[in-house]
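Visitor: After the structure tokens below, expect a handful of questions from me.
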Amino acid sequence: MRITRAANGVQALELIDALAPDVVFLDIRMPGLNGLDLAARLCAGERPPRIVFTTAHEEYALAAFEHAAFDYLLKPVKPERLARTVERLRAALQAPAAASAVAPEALQALLRQLGVAPIAAPAPLQWIRAAQGHETRLIAIDEVVYFQSSDKYTTIYLADGESLIRTPLSKLKEQLDPQQFWQIHRSVIVAARHVAGTRTDFRGRLHVKLKGRSEELVVSRNYVDLFRQM
């Protein structure tokens, strides 16, 4: 079991986006982005993780959270109480329905009860502006084969070349249609229409093969499930 900690709500959102965890422990009061707002963002996603809330404040509808979220821990958290939560999580993740994680409808109802409106997903991105020398190129989203991040930049690979933008991949993902663009690695998002198939190398790593292109893209373990049916 891998445990990763975040210093604030914004960093937590970035880590959740990069690591796609099965379980998230959220403090309700966090700097930058509080636990309720972060939960609302997670509920807007396709596969929200199981959420365990922690807080030192009893006024946050303890009984309601116990039904809508996976669990709710009151600070200071007692070791035996935490142990029970961990055992329940292990059992839930091993169950056949584990992939469904938390029920978004239930958590959204709770968020509305607490006065936190779930964040509606914006319309998918249609155009991207990319600088090329002293000019700006307007790229239609349908032209994109895949995105790959490197340092502070993201490279857009097209059928007729490539362009560089400063938008981080995590921010770009929020604007893409998840049915059309699949994240296959922490640093790569590929257009589904350009996926020709997959292959597994001698090390057991999965590679995505692209239509009309020679390069292959490595799929990290966190995203292998996307291709189980292929």
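Going by the structure tokens order, chains are called A, B, ..., each with residues numbered from 1, while ligands are numbered from 1 in the order shown.
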Just want the 8 Å neighbourhood of Leu138 (chain A), counted on only C-alpha atoms, with same-chain residues fewer than 3 positions away dropped. Output as a list in words.
Guide: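 Listed by chain and then number, they are Trp127, Ile128, Arg129 and Ala130 of chain A.
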Visitor: Just the residues within 9 Å of region 80-90 of chain A, please, counting only C-alpha atoms, with nothing from its chain fewer than 3 positions along; format it as a count of residues only.
Guide: 11
Visitor: What is the CA of Phe147 (chain A)-CA of Pro21 (chain A) distance in Å, reported with one decimal?
Guide: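 One can read the CA of Phe147 (chain A) to CA of Pro21 (chain A) distance as 22.2 Å.
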Visitor: Name all residues at most 12 Å from Asp160 (chain A) (count only C-alpha atoms; drop same-chain ones fewer than 4 positions away) and give them as a list in words.
Guide: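 My list of contacting residues is Ile139, Glu143, Val144, Val145, Ile156, Gly212 and Arg213 of chain A.
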Visitor: Would you mind exporting the chosen residues as an mmCIF file, in the first residue's frame, restricted to C-alpha atoms?
Guide:
data_model
loop_
_atom_site.group_PDB
_atom_site.id
_atom_site.type_symbol
_atom_site.label_atom_id
_atom_site.label_comp_id
_atom_site.auth_asym_id
_atom_site.auth_seq_id
_atom_site.Cartn_x
_atom_site.Cartn_y
_atom_site.Cartn_z
ATOM 1 C CA ILE A 139 -4.987 24.001 -33.291
ATOM 2 C CA GLU A 143 -5.921 17.430 -34.954
ATOM 3 C CA VAL A 144 -4.207 16.228 -31.765
ATOM 4 C CA VAL A 145 -2.679 12.739 -31.722
ATOM 5 C CA ILE A 156 1.190 18.624 -28.712
ATOM 6 C CA GLY A 212 0.098 5.818 -39.025
ATOM 7 C CA ARG A 213 2.940 6.489 -36.570
#
Visitor: Using DSSP assignments from the backbone, pull out every residue in region 145-222 of chain A that falls under alpha helix (DSSP H) and give it to me as a PyMOL selection string.
Guide: chain A and resi 169-175
Visitor: What's around Ser187 (chain A) at 12 Å? Count only C-alpha atoms, leave out sequence neighbours fewer than 2 positions away in its own chain, and write the answer as a ChimeraX atom specification.
Guide: /A:17-19,146-156,168-170,172-173,182-185,189-190,217-220,223
Visitor: Report, in Å with one decimal, the straight-line distance from CA of Gly161 (chain A) to CA of Arg186 (chain A).
Guide: 22.5 Å
Visitor: Residues near region 74-76 of chain A, anyone? I mean within 6 Å using only C-alpha atoms, not counting same-chain ones fewer than 3 positions away, as a list in words.
Guide: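 Here the answer would be Thr54, Thr55 and Ala56 of chain A.
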Visitor: Considering only C-alpha atoms, state which residue in the set A:Glu216, A:Glu162, A:Glu135, A:Glu174 is at the smallest distance from Glu14 (chain A).
Guide: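 Of A:Glu216, A:Glu162, A:Glu135, A:Glu174, the one nearest Glu14 (chain A), counting only C-alpha atoms, is A:Glu174.
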Visitor: Just want the 12 Å neighbourhood of Arg5 (chain A), counted on only C-alpha atoms, with same-chain residues fewer than 3 positions away dropped. Output as a list in words.
Guide: Arg2, Asn8, Gly9, Gln11, Ala12, Leu13, Glu14, Leu15, Ile16, Leu19, Pro21, Val24, Phe25, Leu26 and Asp27 of chain A
Visitor: As an exercise, work out the distance from CA of Pro49 (chain A) to CA of Ile28 (chain A) in Å and give it to one decimal place.
Guide: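 So the answer is 16.1 Å.
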